[in-house]
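Contents: one structure, followed by commentary.
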Amino acid sequence: MSTYRKEDTRIVENGGVQLIDSRKYRLKFLSLLAAAALAACGTDDIRNGTDSDDQSGSDEDTEEYAELVMGFVPSSDAENITANAQPLADYLEEALEMPVTAEVTTDYVGLVEAMRTGQTEIGFLPAFGYVQAAERGDVEVVAKAVRFGSGTYKAQYNVLADSDLEDFDDLVESEGLVWAFPGYSSTSGYLFPGLEFLNAGIEDLEGKFQHLEVQGHDNAILQLLDGNADFATTFDDARGSLSDEIPDITEQIRIIGYTDPIPNDTVTLYGGMPDDLKQRITEAFLTMEDNEEALQAMHEIYEWDGIEPAEDSEYDIVREAYAAFEDLID
């Protein structure tokens with residue numbers, strides 16, 4: 001697994017984009033450890049309920065969080081993401097009454113590691129990233145994206161318009177096809193289509209198909225256009241990402257099937273935070289649709305149209321896909 005480095009990321013601070021100083025976060029983390037140690041040794045241990053003023057432990061724990069960090073996986077230029085995230089940070093600051101900064105990691109693996117170690121308290125993880133984070137650390141999904149009126153999406157099977165392949169069964173019954181896909185860890189690009197092939201009775205995917213791993217859903221479709229692949233798997237509808245440069249892309253590329261629904265990207269929280277703080281953050285996100293600027297920020301970053309509650313069990317189907325291909329990914 002890649003090593004997470006704070007130096008590789010950027011944050012928005014006072015309206016500008018700055019490189020993160022990892023020492024700041026190490027000092028913050030050490031100061032929290034020191035405070036915890038002093039509290040454990042003292043006779044008025046608030047966390048253990050022995051404070052003479054009968055203050056609640058959760059309130060004291062919340063006070064330790066002088067600021068919150070939101071983590072984003074890059075979907076475009078990091079500076080654009082941090083700039084677009086500022087209205088969301090402003091909204092959360094007002095709702096939670098504490099500073100909130102936006103941080104972009106180098107990839108979703110970096111964000112998983114940051115959340116696992118508690119360096120990032122709020123993470124916008126894709127479904128597969130959430131499953132990995134939940135397996136490796138203490139995180140909780142509290143909400144998920146709504147796009148086009150739905151909390152789920154599907155993967156699609158793409159072929160050239162003049163291809164002899166007509167449906168999913170044709171893929172299963174054919175031999176030696178070249179399969180273009182974004183990457184082995186892509187939920188819609190490989191894991192879900194791959195799981196459907198396994199469930200259809202194909203035991204050896206690499207023996208059945210010639211694998212062509214590319215970087216990006218748009219690149220998978222371009223492999224079809226260039227004649228390098230027989231079919232490609234992407235999210236729905238990835239053809240739109242190429243419509244500016246190829247206006248007739250929907251005429252050149254035909255969709256012959258879809259996978260089962262996949263739960264959308266998540267709002268994931270670091271589980272080590274106090275319950276009352278997690279509840280306040282959750283409520284802020286679930287009522288965010290009342291704030292047009294904050295919701296527009298999420299649309300600019302990840303094309304979210306809304307937010308709805310989410311539960312861990314909704315991602316069991318992603319766990320199933322992950323378990324089937326864990327050796328390829330880890």
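For the structure tokens, the naming scheme is as follows: chains receive sequential letters (A, B, ...) according to their order of presentation, residues are indexed from 1 within each chain, and ligands are indexed from 1 in presentation order.
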Might you pull out every residue within 6 Å of Ala310 in chain A, with only C-alpha atoms counted and same-chain residues fewer than 4 positions away left off, and present them as an MDAnalysis selection string? chainID A and resid 142:144
Close residues, Val112 in chain A itself excluded, 9 Å, only C-alpha atoms, min 6 positions apart in chain, as a PyMOL selection string: chain A and resi 4+123+125+129-130+132-134+136-137
Selected residues written out, C-alpha atoms, as a JSON list (two decimals), in the first residue's frame:
[["chain", "number", "residue", "atom", "x", "y", "z"],
["A", 4, "TYR", "CA", 0.49, 8.57, 3.02],
["A", 123, "GLY", "CA", -13.52, 11.95, 4.16],
["A", 125, "LEU", "CA", -14.46, 8.26, -0.10],
["A", 129, "GLY", "CA", -12.28, 3.28, -0.59],
["A", 130, "TYR", "CA", -14.78, 3.26, 2.26],
["A", 132, "GLN", "CA", -10.96, -0.53, 2.63],
["A", 133, "ALA", "CA", -10.95, 2.19, 5.27],
["A", 134, "ALA", "CA", -13.55, 0.36, 7.37],
["A", 136, "ARG", "CA", -8.28, -1.16, 8.23],
["A", 137, "GLY", "CA", -9.41, 1.42, 10.76]]
Just the helix (DSSP H, G or I) stuff from range 148-188 of chain A, please, per backbone DSSP, written as a list in words. Phe168, Asp169, Asp170, Leu171, Val172, Glu173, Thr187 and Ser188 of chain A
Save the residues we just selected, all heavy atoms, as a PDB file, in the first residue's frame?
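Okay, this is what ended up in selection26.pdb:
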ATOM      1  N   PHE A 168     -24.581  -8.967 -22.500  1.00  0.00           N
ATOM      2  CA  PHE A 168     -23.653  -9.553 -21.536  1.00  0.00           C
ATOM      3  C   PHE A 168     -23.388 -11.020 -21.865  1.00  0.00           C
ATOM      4  O   PHE A 168     -22.255 -11.507 -21.738  1.00  0.00           O
ATOM      5  CB  PHE A 168     -24.223  -9.399 -20.127  1.00  0.00           C
ATOM      6  CG  PHE A 168     -23.383 -10.022 -19.056  1.00  0.00           C
ATOM      7  CD1 PHE A 168     -22.254  -9.378 -18.561  1.00  0.00           C
ATOM      8  CD2 PHE A 168     -23.721 -11.262 -18.520  1.00  0.00           C
ATOM      9  CE1 PHE A 168     -21.470  -9.957 -17.565  1.00  0.00           C
ATOM     10  CE2 PHE A 168     -22.961 -11.844 -17.518  1.00  0.00           C
ATOM     11  CZ  PHE A 168     -21.827 -11.191 -17.049  1.00  0.00           C
ATOM     12  N   ASP A 169     -24.418 -11.750 -22.269  1.00  0.00           N
ATOM     13  CA  ASP A 169     -24.254 -13.173 -22.574  1.00  0.00           C
ATOM     14  C   ASP A 169     -23.244 -13.387 -23.691  1.00  0.00           C
ATOM     15  O   ASP A 169     -22.495 -14.380 -23.688  1.00  0.00           O
ATOM     16  CB  ASP A 169     -25.595 -13.797 -22.954  1.00  0.00           C
ATOM     17  CG  ASP A 169     -26.532 -13.929 -21.756  1.00  0.00           C
ATOM     18  OD1 ASP A 169     -26.029 -13.894 -20.614  1.00  0.00           O
ATOM     19  OD2 ASP A 169     -27.759 -14.054 -21.971  1.00  0.00           O
ATOM     20  N   ASP A 170     -23.208 -12.477 -24.662  1.00  0.00           N
ATOM     21  CA  ASP A 170     -22.228 -12.592 -25.737  1.00  0.00           C
ATOM     22  C   ASP A 170     -20.803 -12.500 -25.195  1.00  0.00           C
ATOM     23  O   ASP A 170     -19.891 -13.184 -25.692  1.00  0.00           O
ATOM     24  CB  ASP A 170     -22.453 -11.501 -26.788  1.00  0.00           C
ATOM     25  CG  ASP A 170     -23.642 -11.790 -27.685  1.00  0.00           C
ATOM     26  OD1 ASP A 170     -24.138 -12.938 -27.667  1.00  0.00           O
ATOM     27  OD2 ASP A 170     -24.072 -10.878 -28.411  1.00  0.00           O
ATOM     28  N   LEU A 171     -20.609 -11.646 -24.193  1.00  0.00           N
ATOM     29  CA  LEU A 171     -19.285 -11.525 -23.575  1.00  0.00           C
ATOM     30  C   LEU A 171     -18.895 -12.827 -22.890  1.00  0.00           C
ATOM     31  O   LEU A 171     -17.746 -13.278 -22.972  1.00  0.00           O
ATOM     32  CB  LEU A 171     -19.269 -10.371 -22.568  1.00  0.00           C
ATOM     33  CG  LEU A 171     -19.581  -8.963 -23.096  1.00  0.00           C
ATOM     34  CD1 LEU A 171     -19.586  -7.965 -21.948  1.00  0.00           C
ATOM     35  CD2 LEU A 171     -18.569  -8.557 -24.156  1.00  0.00           C
ATOM     36  N   VAL A 172     -19.859 -13.435 -22.206  1.00  0.00           N
ATOM     37  CA  VAL A 172     -19.599 -14.675 -21.475  1.00  0.00           C
ATOM     38  C   VAL A 172     -19.297 -15.820 -22.433  1.00  0.00           C
ATOM     39  O   VAL A 172     -18.422 -16.665 -22.170  1.00  0.00           O
ATOM     40  CB  VAL A 172     -20.808 -15.024 -20.585  1.00  0.00           C
ATOM     41  CG1 VAL A 172     -20.628 -16.397 -19.929  1.00  0.00           C
ATOM     42  CG2 VAL A 172     -21.006 -13.948 -19.521  1.00  0.00           C
ATOM     43  N   GLU A 173     -19.977 -15.843 -23.550  1.00  0.00           N
ATOM     44  CA  GLU A 173     -19.861 -16.969 -24.478  1.00  0.00           C
ATOM     45  C   GLU A 173     -18.703 -16.830 -25.463  1.00  0.00           C
ATOM     46  O   GLU A 173     -18.312 -17.813 -26.104  1.00  0.00           O
ATOM     47  CB  GLU A 173     -21.178 -17.119 -25.252  1.00  0.00           C
ATOM     48  CG  GLU A 173     -22.348 -17.512 -24.362  1.00  0.00           C
ATOM     49  CD  GLU A 173     -23.683 -17.383 -25.058  1.00  0.00           C
ATOM     50  OE1 GLU A 173     -23.684 -17.035 -26.266  1.00  0.00           O
ATOM     51  OE2 GLU A 173     -24.717 -17.611 -24.414  1.00  0.00           O
ATOM     52  N   THR A 187     -14.143   0.339  -8.760  1.00  0.00           N
ATOM     53  CA  THR A 187     -15.380  -0.355  -8.386  1.00  0.00           C
ATOM     54  C   THR A 187     -16.234  -0.645  -9.607  1.00  0.00           C
ATOM     55  O   THR A 187     -16.653  -1.785  -9.845  1.00  0.00           O
ATOM     56  CB  THR A 187     -16.179   0.486  -7.384  1.00  0.00           C
ATOM     57  OG1 THR A 187     -15.343   0.845  -6.288  1.00  0.00           O
ATOM     58  CG2 THR A 187     -17.372  -0.306  -6.856  1.00  0.00           C
ATOM     59  N   SER A 188     -16.498   0.375 -10.403  1.00  0.00           N
ATOM     60  CA  SER A 188     -17.347   0.191 -11.581  1.00  0.00           C
ATOM     61  C   SER A 188     -16.562  -0.272 -12.792  1.00  0.00           C
ATOM     62  O   SER A 188     -17.112  -0.905 -13.693  1.00  0.00           O
ATOM     63  CB  SER A 188     -18.087   1.495 -11.915  1.00  0.00           C
ATOM     64  OG  SER A 188     -17.164   2.554 -12.143  1.00  0.00           O
TER      65      SER A 188
END
Long-range neighbours of Gly71 in chain A as an MDAnalysis selection string, 9 Å cut-off, only C-alpha atoms, 2 positions minimum in chain: chainID A and resid 69 73 101:105 111 114:115 120:125
Using the selection just defined, write its residues with N, CA and C atoms as a PDB file, in the first residue's frame.
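Listing of part15.pdb after writing:
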ATOM      1  N   VAL A  69     -10.453  18.504   9.612  1.00  0.00           N
ATOM      2  CA  VAL A  69      -9.889  18.432   8.268  1.00  0.00           C
ATOM      3  C   VAL A  69     -10.798  17.565   7.404  1.00  0.00           C
ATOM      4  N   VAL A  73     -10.498  13.060  -2.486  1.00  0.00           N
ATOM      5  CA  VAL A  73      -9.736  12.314  -3.479  1.00  0.00           C
ATOM      6  C   VAL A  73      -9.746  13.120  -4.762  1.00  0.00           C
ATOM      7  N   THR A 101     -10.851  22.867   7.403  1.00  0.00           N
ATOM      8  CA  THR A 101     -10.007  23.065   6.237  1.00  0.00           C
ATOM      9  C   THR A 101     -10.200  21.908   5.262  1.00  0.00           C
ATOM     10  N   ALA A 102      -9.915  22.180   4.000  1.00  0.00           N
ATOM     11  CA  ALA A 102     -10.063  21.181   2.944  1.00  0.00           C
ATOM     12  C   ALA A 102      -8.691  20.717   2.493  1.00  0.00           C
ATOM     13  N   GLU A 103      -8.550  19.415   2.327  1.00  0.00           N
ATOM     14  CA  GLU A 103      -7.264  18.815   1.986  1.00  0.00           C
ATOM     15  C   GLU A 103      -7.463  17.825   0.847  1.00  0.00           C
ATOM     16  N   VAL A 104      -6.563  17.835  -0.122  1.00  0.00           N
ATOM     17  CA  VAL A 104      -6.633  16.903  -1.248  1.00  0.00           C
ATOM     18  C   VAL A 104      -5.456  15.946  -1.158  1.00  0.00           C
ATOM     19  N   THR A 105      -5.726  14.646  -1.069  1.00  0.00           N
ATOM     20  CA  THR A 105      -4.662  13.657  -1.027  1.00  0.00           C
ATOM     21  C   THR A 105      -4.238  13.284  -2.443  1.00  0.00           C
ATOM     22  N   LEU A 111      -6.072   8.988   1.313  1.00  0.00           N
ATOM     23  CA  LEU A 111      -7.174   9.419   2.158  1.00  0.00           C
ATOM     24  C   LEU A 111      -7.580   8.306   3.125  1.00  0.00           C
ATOM     25  N   ALA A 114      -5.064   8.431   5.851  1.00  0.00           N
ATOM     26  CA  ALA A 114      -5.244   9.611   6.690  1.00  0.00           C
ATOM     27  C   ALA A 114      -6.411   9.438   7.650  1.00  0.00           C
ATOM     28  N   MET A 115      -7.476   8.808   7.194  1.00  0.00           N
ATOM     29  CA  MET A 115      -8.632   8.579   8.059  1.00  0.00           C
ATOM     30  C   MET A 115      -8.356   7.467   9.058  1.00  0.00           C
ATOM     31  N   THR A 120      -7.316  12.918   9.298  1.00  0.00           N
ATOM     32  CA  THR A 120      -8.441  13.540   8.602  1.00  0.00           C
ATOM     33  C   THR A 120      -9.721  13.048   9.254  1.00  0.00           C
ATOM     34  N   GLU A 121     -10.595  13.988   9.609  1.00  0.00           N
ATOM     35  CA  GLU A 121     -11.808  13.612  10.341  1.00  0.00           C
ATOM     36  C   GLU A 121     -13.008  13.366   9.433  1.00  0.00           C
ATOM     37  N   ILE A 122     -13.037  14.022   8.276  1.00  0.00           N
ATOM     38  CA  ILE A 122     -14.161  13.891   7.348  1.00  0.00           C
ATOM     39  C   ILE A 122     -13.596  13.511   5.985  1.00  0.00           C
ATOM     40  N   GLY A 123     -14.057  12.395   5.434  1.00  0.00           N
ATOM     41  CA  GLY A 123     -13.525  11.949   4.160  1.00  0.00           C
ATOM     42  C   GLY A 123     -14.622  11.694   3.146  1.00  0.00           C
ATOM     43  N   PHE A 124     -14.376  12.105   1.913  1.00  0.00           N
ATOM     44  CA  PHE A 124     -15.303  11.845   0.802  1.00  0.00           C
ATOM     45  C   PHE A 124     -14.717  10.675   0.006  1.00  0.00           C
ATOM     46  N   LEU A 125     -15.045   9.466   0.461  1.00  0.00           N
ATOM     47  CA  LEU A 125     -14.459   8.260  -0.098  1.00  0.00           C
ATOM     48  C   LEU A 125     -15.404   7.581  -1.078  1.00  0.00           C
TER      49      LEU A 125
END
Extract, using only C-alpha atoms, all DNA, RNA and protein residues at most 8 Å from Trp179 in chain A, discarding same-chain residues fewer than 2 positions from it, and format them as JSON, numbers by chain. {"A": [177, 181, 209, 210, 211, 212, 229, 230, 231, 232, 233]}
Closest to Met70 in chain A among A:Thr268, A:Arg319, A:Asp236, A:Asp162, using only C-alpha atoms?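 Between A:Thr268, A:Arg319, A:Asp236, A:Asp162, the residue approaching Met70 in chain A most closely is A:Thr268.
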Calculated over only C-alpha atoms, which of the candidates A:Leu286, A:Ile301, A:Ile307, A:Val318 has the smallest distance to Thr82 in chain A?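 Counting only C-alpha atoms, the residue closest to Thr82 in chain A is A:Ile301.
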